[in-house]
$ cat upload-v3.txt   # compact mmCIF, C-alpha atoms
# COMPACT_ATOMS: atom_id res chain seq x y z
CA MET I 1 8.68 12.28 14.22
CA SER I 2 7.92 8.66 13.40
CA ALA I 3 9.36 5.96 15.61
CA LEU I 4 9.09 3.37 12.86
CA ALA I 5 12.17 1.57 11.59
CA PHE I 6 12.38 1.14 7.84
CA GLY I 7 14.43 -0.33 5.02
CA GLU I 8 15.50 1.68 2.02
CA ARG I 9 16.65 1.02 -1.53
CA PRO I 10 17.92 4.06 -3.43
CA ALA I 11 17.35 4.62 -7.13
CA ALA I 12 20.23 3.97 -9.51
CA GLY I 13 20.29 7.65 -10.47
CA GLU I 14 18.03 10.63 -9.98
CA PRO I 15 14.79 9.04 -8.67
CA GLN I 16 11.75 9.32 -10.88
CA GLY I 17 9.42 8.65 -7.97
CA LEU I 18 8.96 7.05 -4.58
CA LEU I 19 7.57 3.60 -3.81
CA VAL I 20 6.57 2.88 -0.20
CA LEU I 21 5.86 -0.81 0.41
CA HIS I 22 4.15 -1.94 3.63
CA HIS I 23 4.72 -5.56 4.59
CA GLY I 24 2.14 -8.10 5.70
CA ARG I 25 1.48 -9.67 9.08
CA GLY I 26 4.42 -11.39 10.72
CA ALA I 27 7.07 -9.93 8.41
CA ASP I 28 9.44 -6.95 8.65
CA GLU I 29 10.98 -4.13 6.66
CA HIS I 30 13.13 -6.51 4.61
CA ASP I 31 10.27 -8.65 3.35
CA LEU I 32 9.22 -6.62 0.30
CA LEU I 33 12.61 -5.37 -0.90
CA GLY I 34 12.69 -8.26 -3.35
CA LEU I 35 9.27 -7.23 -4.65
CA ALA I 36 10.62 -3.71 -5.14
CA ASP I 37 13.36 -5.10 -7.37
CA ALA I 38 10.78 -7.06 -9.39
CA LEU I 39 8.48 -4.05 -9.75
CA ASP I 40 11.30 -1.65 -10.55
CA PRO I 41 14.20 -3.67 -12.04
CA GLU I 42 15.80 -0.58 -13.56
CA ARG I 43 15.90 1.03 -10.12
CA ARG I 44 14.23 4.22 -11.31
CA LEU I 45 12.49 4.67 -7.96
CA HIS I 46 13.54 5.36 -4.41
CA VAL I 47 12.00 2.63 -2.25
CA VAL I 48 11.12 2.75 1.45
CA THR I 49 9.83 -0.26 3.39
CA PRO I 50 8.52 0.59 6.90
CA ARG I 51 8.44 -1.94 9.72
CA ALA I 52 5.12 -2.29 11.54
CA PRO I 53 5.13 -1.21 15.21
CA LEU I 54 3.60 -4.27 16.91
CA ARG I 55 5.29 -7.56 17.77
CA PRO I 56 2.70 -9.67 19.59
CA ALA I 57 3.90 -12.37 21.97
CA GLY I 58 4.82 -15.49 20.06
CA SER I 59 5.14 -13.72 16.70
CA LEU I 60 8.38 -13.92 14.73
CA GLY I 61 7.56 -10.71 12.90
CA TYR I 62 5.64 -7.45 13.12
CA HIS I 63 1.97 -6.46 12.78
CA TRP I 64 0.33 -3.17 11.84
CA TYR I 65 -2.69 -3.78 14.07
CA LEU I 66 -4.45 -6.48 16.06
CA VAL I 67 -7.16 -8.51 14.35
CA PRO I 68 -10.45 -9.12 16.18
CA ARG I 69 -11.83 -10.36 12.84
CA VAL I 70 -10.86 -10.05 9.21
CA GLY I 71 -11.83 -6.74 7.68
CA HIS I 72 -12.25 -5.03 11.05
CA PRO I 73 -8.91 -3.94 12.55
CA ASP I 74 -8.60 -3.17 16.23
CA ARG I 75 -9.31 0.56 16.51
CA GLU I 76 -6.54 1.55 18.92
CA THR I 77 -3.68 -0.28 17.23
CA PHE I 78 -4.87 0.65 13.72
CA HIS I 79 -4.92 4.35 14.51
CA ALA I 80 -1.57 4.19 16.29
CA ALA I 81 0.01 2.64 13.18
CA PHE I 82 -1.78 5.16 10.97
CA ARG I 83 -0.32 8.09 12.93
CA GLN I 84 3.19 6.65 12.85
CA LEU I 85 2.99 6.03 9.11
CA CYS I 86 1.75 9.58 8.55
CA ALA I 87 4.84 10.87 10.33
CA LEU I 88 7.16 8.54 8.43
CA HIS I 89 5.69 9.38 5.02
CA ASP I 90 5.93 13.11 5.76
CA GLU I 91 9.55 12.75 6.85
CA VAL I 92 10.48 10.78 3.74
CA TRP I 93 8.85 13.35 1.46
CA VAL I 94 10.84 16.14 3.07
CA ARG I 95 14.12 14.22 3.20
CA THR I 96 14.02 12.92 -0.37
CA GLY I 97 12.32 15.90 -1.98
CA ILE I 98 9.93 13.46 -3.70
CA GLY I 99 6.39 14.59 -2.95
CA PRO I 100 3.17 12.60 -2.56
CA GLN I 101 2.17 13.30 -6.17
CA ARG I 102 5.19 11.17 -7.24
CA THR I 103 4.61 8.48 -4.60
CA VAL I 104 2.90 5.09 -4.88
CA LEU I 105 1.77 3.48 -1.63
CA GLY I 106 1.72 -0.29 -1.82
CA GLY I 107 1.79 -3.46 0.20
CA PHE I 108 0.65 -6.97 0.87
CA SER I 109 -2.19 -8.13 3.14
CA MET I 110 -2.11 -5.89 6.26
CA GLY I 111 0.28 -3.65 4.35
CA SER I 112 -2.32 -3.15 1.64
CA VAL I 113 -4.86 -2.20 4.31
CA MET I 114 -2.50 0.50 5.55
CA SER I 115 -1.79 1.68 1.99
CA TYR I 116 -5.52 2.11 1.39
CA ALA I 117 -5.85 3.86 4.74
CA LEU I 118 -3.08 6.40 4.09
CA GLY I 119 -3.86 6.84 0.40
CA LEU I 120 -7.59 7.39 0.81
CA ALA I 121 -7.81 9.37 4.07
CA ALA I 122 -9.22 12.88 3.72
CA THR I 123 -6.51 14.20 6.02
CA ARG I 124 -3.67 12.92 3.84
CA PRO I 125 -2.19 14.10 0.52
CA VAL I 126 -3.33 12.34 -2.63
CA PRO I 127 -0.60 9.96 -3.86
CA ALA I 128 0.15 8.96 -7.45
CA GLY I 129 -1.36 5.54 -6.85
CA ILE I 130 -2.20 2.66 -4.52
CA LEU I 131 -0.85 -0.84 -5.11
CA ALA I 132 -2.82 -3.44 -3.13
CA PHE I 133 -1.96 -7.14 -3.04
CA SER I 134 -4.39 -9.33 -1.05
CA GLY I 135 -5.89 -6.61 1.11
CA PHE I 136 -9.13 -4.81 1.92
CA LEU I 137 -10.65 -1.45 2.78
CA ALA I 138 -10.81 -1.42 6.56
CA THR I 139 -13.99 -1.08 8.54
CA VAL I 140 -12.83 0.68 11.69
CA GLU I 141 -14.26 3.46 13.85
CA GLY I 142 -12.66 6.81 13.09
CA TRP I 143 -11.54 6.08 9.53
CA GLU I 144 -13.50 6.47 6.30
CA PRO I 145 -12.16 6.61 2.74
CA ASP I 146 -12.42 10.01 1.05
CA LEU I 147 -13.42 8.66 -2.35
CA ILE I 148 -14.93 11.90 -3.66
CA GLY I 149 -11.61 13.66 -3.09
CA ARG I 150 -9.72 10.82 -4.80
CA ARG I 151 -11.59 10.76 -8.09
CA GLY I 152 -9.13 9.79 -10.85
CA LEU I 153 -6.60 8.26 -8.44
CA ARG I 154 -5.05 5.10 -9.85
CA ALA I 155 -5.27 1.80 -7.96
CA PHE I 156 -3.91 -1.66 -8.77
CA ILE I 157 -5.67 -4.49 -6.92
CA ALA I 158 -4.60 -8.14 -7.11
CA HIS I 159 -5.95 -11.09 -5.14
CA GLY I 160 -6.10 -14.88 -5.25
CA ASN I 161 -9.56 -16.46 -5.35
CA ARG I 162 -8.36 -19.33 -3.15
CA ASP I 163 -7.08 -17.05 -0.40
CA PRO I 164 -7.94 -18.71 2.95
CA VAL I 165 -6.87 -15.70 5.04
CA ILE I 166 -8.54 -12.72 3.33
CA ASP I 167 -11.35 -13.86 1.09
CA VAL I 168 -11.32 -12.58 -2.48
CA SER I 169 -14.71 -10.97 -1.89
CA PHE I 170 -12.87 -8.20 0.01
CA ALA I 171 -10.84 -7.33 -3.09
CA ARG I 172 -13.87 -7.49 -5.38
CA ARG I 173 -15.78 -5.19 -3.05
CA ALA I 174 -12.90 -2.70 -2.85
CA ALA I 175 -12.49 -2.65 -6.62
CA ARG I 176 -16.19 -2.05 -7.13
CA GLN I 177 -16.34 0.66 -4.49
CA LEU I 178 -13.37 2.54 -5.93
CA LYS I 179 -14.55 2.23 -9.53
CA ASP I 180 -18.03 3.43 -8.63
CA ALA I 181 -16.47 6.51 -7.02
CA GLY I 182 -14.50 7.38 -10.16
CA LEU I 183 -11.06 6.03 -9.30
CA GLU I 184 -9.06 4.30 -12.05
CA VAL I 185 -8.87 0.68 -10.97
CA GLU I 186 -6.90 -2.12 -12.58
CA TYR I 187 -8.09 -5.40 -11.08
CA HIS I 188 -6.38 -8.80 -11.31
CA GLU I 189 -7.54 -12.09 -9.88
CA SER I 190 -5.84 -15.48 -9.99
CA SER I 191 -6.33 -18.97 -8.59
CA GLY I 192 -3.63 -18.28 -6.00
CA ALA I 193 -3.85 -18.32 -2.20
CA HIS I 194 -2.64 -15.71 0.31
CA ASN I 195 0.46 -14.63 -1.54
CA ILE I 196 1.67 -12.30 -4.26
CA ASP I 197 1.08 -14.28 -7.43
CA PRO I 198 4.11 -14.00 -9.74
CA ALA I 199 1.68 -13.68 -12.64
CA HIS I 200 0.54 -10.34 -11.21
CA VAL I 201 3.97 -8.83 -10.72
CA SER I 202 4.71 -7.98 -14.36
CA ALA I 203 1.28 -6.34 -14.69
CA ALA I 204 1.91 -4.40 -11.49
CA ALA I 205 5.30 -3.25 -12.78
CA ALA I 206 3.72 -1.91 -15.98
CA TRP I 207 0.97 -0.22 -13.97
CA LEU I 208 3.54 1.33 -11.63
CA GLY I 209 5.46 2.88 -14.50
CA ALA I 210 2.28 4.33 -15.99
CA ALA I 211 1.11 5.71 -12.63
CA LEU I 212 4.34 7.60 -12.12
CA GLU I 213 4.65 8.84 -15.69
CA ARG I 214 1.46 10.84 -15.35
CA GLU I 215 2.03 14.56 -14.86
CA PRO I 216 2.03 15.48 -11.15
CA GLY I 217 -1.44 16.43 -9.98
CA ALA I 218 -3.10 15.21 -13.20
CA ARG I 219 -6.54 13.60 -13.00
CA SER I 220 -8.54 11.96 -15.73
$ encode --input "upload-v3.txt" --output "C-alpha cells"
Amino acid sequence: MSALAFGERPAAGEPQGLLVLHHGRGADEHDLLGLADALDPERRLHVVTPRAPLRPAGSLGYHWYLVPRVGHPDRETFHAAFRQLCALHDEVWVRTGIGPQRTVLGGFSMGSVMSYALGLAATRPVPAGILAFSGFLATVEGWEPDLIGRRGLRAFIAHGNRDPVIDVSFARRAARQLKDAGLEVEYHESSGAHNIDPAHVSAAAAWLGAALEREPGARS
C-alpha cells in the first residue's frame, strides 16, 4: 500500500479516463489541480494528484527526490518515490476501475521526471500517454526506459527555451530519443522560463483528448 497523500478531482459523470498529475519541486498535491481544470474543463476525467514523499529542511513544499545535479536524481530517494508511486497508481486503478490503458501520467519539472519513470519502466503497465512539462529522462542507477516495449506510446513534451532550472536541451534530447524509438511525440517549445507556458495548455488539452480517445491497447 502506498503511503503517499494525494488530491483528487472526480469526473462530472462516468469518467472517460484517468489523469495522474505529479507536481514539481517544492509544491504539493494541490498545485496542479488548476492545471487539471484547464486540461479537462468538461471534467470528463478522474484526476489524482499525488504528494511527493520528501520535505527537506527549509522547504515549504515536497520533493520527489534529492538533486545532486540536474538530470541525475539521487538513487535512493528516486527509487523510494518510484516504489511509492507504483503502489499508489496500482491502488487507484483498482479503486476506480480505470486501467492503465485509459490513464495519462503527467506532471511538471520533477513530476515530469516521475511520469517518464513510471510510464517508461519495463516493470510497469503501458499507459495511454505521458504528458511532460519542463522535465527530463532521468539518468539514475537502476532505472532505464523500456522504449522498445513502448513503441507507439503517445507523449506530449513542452519546455521553455529560457528555462534556467532545467535546460531546454533535456527536453529536446528526450523528444529525439522517444521519436527515434518509435513513440508518437508531440513537441512544443516556447520562449518561457521554468513554468507551464499558457500557450502550451490548449495544445496539451487537445492532445490529452486524442490520447484517451484511442481504443485501449491500440498502437500505431
$ residues_around --input "upload-v3.txt" --residues "Leu105 in chain I" --least-positions-apart "4" --cutoff "10 Å" --atoms "only C-alpha atoms" --output "PyMOL selection string"
chain I and resi 18-22+48+89+100+111-112+114-119+127-132+155
$ atom_distance --input "upload-v3.txt" --atom1 "CA of Arg51 in chain I" --atom2 "CA of Phe82 in chain I"
12.5 Å
$ atom_distance --input "upload-v3.txt" --atom1 "CA of Ile196 in chain I" --atom2 "CA of Gly142 in chain I"
29.5 Å
$ closest_residue --input "upload-v3.txt" --among "I:Gly26, I:Gly160, I:Gly152, I:Gly182" --to "Ala211 in chain I" --atoms "only C-alpha atoms"
I:Gly152
$ closest_residue --input "upload-v3.txt" --among "I:Val140, I:Val70, I:Ala122, I:Ala210" --to "Ser169 in chain I" --atoms "all atoms listed in the file"
I:Val70
$ residues_around --input "upload-v3.txt" --residues "range 71-80 of chain I" --least-positions-apart "3" --cutoff "7 Å" --atoms "only C-alpha atoms" --output "VMD selection string"
chain I and resid 64 to 68 83 to 84 136 138 to 141
$ atom_distance --input "upload-v3.txt" --atom1 "CA of Asp40 in chain I" --atom2 "CA of Gly209 in chain I"
8.4 Å
$ residues_around --input "upload-v3.txt" --residues "range 10-13 of chain I" --least-positions-apart "3" --cutoff "8 Å" --atoms "only C-alpha atoms" --output "PDB file with C-alpha atoms, in the frame of the given file"
ATOM      1  CA  GLU I  42      15.800  -0.580 -13.560  1.00  0.00           C
ATOM      2  CA  ARG I  43      15.900   1.030 -10.120  1.00  0.00           C
ATOM      3  CA  ARG I  44      14.230   4.220 -11.310  1.00  0.00           C
ATOM      4  CA  LEU I  45      12.490   4.670  -7.960  1.00  0.00           C
ATOM      5  CA  HIS I  46      13.540   5.360  -4.410  1.00  0.00           C
ATOM      6  CA  VAL I  47      12.000   2.630  -2.250  1.00  0.00           C
TER       7      VAL I  47
END
$ build_atoms --input "upload-v3.txt" --residues "range 122-155 of chain I" --atoms "N, CA and C atoms" --output "compact mmCIF listing (two decimals), in the coordinates of the input"
# COMPACT_ATOMS: atom_id res chain seq x y z
N ALA I 122 -9.00 11.47 4.07
CA ALA I 122 -9.22 12.88 3.72
C ALA I 122 -8.15 13.79 4.28
N THR I 123 -7.52 13.38 5.37
CA THR I 123 -6.51 14.20 6.02
C THR I 123 -5.12 14.07 5.41
N ARG I 124 -4.98 13.19 4.40
CA ARG I 124 -3.67 12.92 3.84
C ARG I 124 -3.58 13.40 2.40
N PRO I 125 -2.36 13.70 1.92
CA PRO I 125 -2.19 14.10 0.52
C PRO I 125 -2.57 12.96 -0.43
N VAL I 126 -2.98 13.33 -1.62
CA VAL I 126 -3.33 12.34 -2.63
C VAL I 126 -2.05 11.82 -3.28
N PRO I 127 -1.81 10.51 -3.23
CA PRO I 127 -0.60 9.96 -3.86
C PRO I 127 -0.80 9.75 -5.35
N ALA I 128 0.26 9.27 -6.02
CA ALA I 128 0.15 8.96 -7.45
C ALA I 128 -0.64 7.68 -7.67
N GLY I 129 -0.62 6.79 -6.68
CA GLY I 129 -1.36 5.54 -6.85
C GLY I 129 -1.30 4.68 -5.61
N ILE I 130 -2.15 3.65 -5.59
CA ILE I 130 -2.20 2.66 -4.52
C ILE I 130 -2.06 1.29 -5.15
N LEU I 131 -1.15 0.49 -4.61
CA LEU I 131 -0.85 -0.84 -5.11
C LEU I 131 -1.21 -1.84 -4.02
N ALA I 132 -2.28 -2.61 -4.21
CA ALA I 132 -2.82 -3.44 -3.13
C ALA I 132 -2.84 -4.91 -3.52
N PHE I 133 -1.98 -5.70 -2.87
CA PHE I 133 -1.96 -7.14 -3.04
C PHE I 133 -2.65 -7.78 -1.83
N SER I 134 -3.74 -8.50 -2.07
CA SER I 134 -4.39 -9.33 -1.05
C SER I 134 -4.80 -8.55 0.19
N GLY I 135 -5.48 -7.43 -0.02
CA GLY I 135 -5.89 -6.61 1.11
C GLY I 135 -7.36 -6.28 1.10
N PHE I 136 -7.73 -5.25 1.84
CA PHE I 136 -9.13 -4.81 1.92
C PHE I 136 -9.20 -3.38 2.41
N LEU I 137 -10.35 -2.74 2.18
CA LEU I 137 -10.65 -1.45 2.78
C LEU I 137 -11.15 -1.71 4.20
N ALA I 138 -10.49 -1.13 5.17
CA ALA I 138 -10.81 -1.42 6.56
C ALA I 138 -12.17 -0.85 6.97
N THR I 139 -12.84 -1.58 7.82
CA THR I 139 -13.99 -1.08 8.54
C THR I 139 -13.55 -0.88 9.98
N VAL I 140 -13.35 0.38 10.36
CA VAL I 140 -12.83 0.68 11.69
C VAL I 140 -13.33 2.06 12.12
N GLU I 141 -13.75 2.19 13.34
CA GLU I 141 -14.26 3.46 13.85
C GLU I 141 -13.19 4.54 13.75
N GLY I 142 -13.58 5.68 13.19
CA GLY I 142 -12.66 6.81 13.09
C GLY I 142 -11.92 6.92 11.79
N TRP I 143 -12.16 5.98 10.86
CA TRP I 143 -11.54 6.08 9.53
C TRP I 143 -12.58 5.78 8.47
N GLU I 144 -12.64 6.66 7.47
CA GLU I 144 -13.50 6.47 6.30
C GLU I 144 -12.71 6.89 5.06
N PRO I 145 -12.85 6.18 3.95
CA PRO I 145 -12.16 6.61 2.74
C PRO I 145 -12.80 7.86 2.14
N ASP I 146 -11.95 8.79 1.71
CA ASP I 146 -12.42 10.01 1.05
C ASP I 146 -12.41 9.76 -0.46
N LEU I 147 -13.42 9.06 -0.95
CA LEU I 147 -13.42 8.66 -2.35
C LEU I 147 -13.76 9.83 -3.27
N ILE I 148 -14.60 10.74 -2.82
CA ILE I 148 -14.93 11.90 -3.66
C ILE I 148 -13.66 12.72 -3.94
N GLY I 149 -12.84 12.89 -2.93
CA GLY I 149 -11.61 13.66 -3.09
C GLY I 149 -10.51 12.93 -3.82
N ARG I 150 -10.73 11.63 -4.11
CA ARG I 150 -9.72 10.82 -4.80
C ARG I 150 -10.14 10.44 -6.21
N ARG I 151 -11.13 11.08 -6.75
CA ARG I 151 -11.59 10.76 -8.09
C ARG I 151 -10.44 10.87 -9.09
N GLY I 152 -10.22 9.81 -9.88
CA GLY I 152 -9.13 9.79 -10.85
C GLY I 152 -7.86 9.16 -10.32
N LEU I 153 -7.77 8.92 -9.00
CA LEU I 153 -6.60 8.26 -8.44
C LEU I 153 -6.48 6.85 -9.00
N ARG I 154 -5.27 6.43 -9.28
CA ARG I 154 -5.05 5.10 -9.85
C ARG I 154 -4.84 4.07 -8.74
N ALA I 155 -5.43 2.89 -8.92
CA ALA I 155 -5.27 1.80 -7.96
C ALA I 155 -5.08 0.49 -8.71
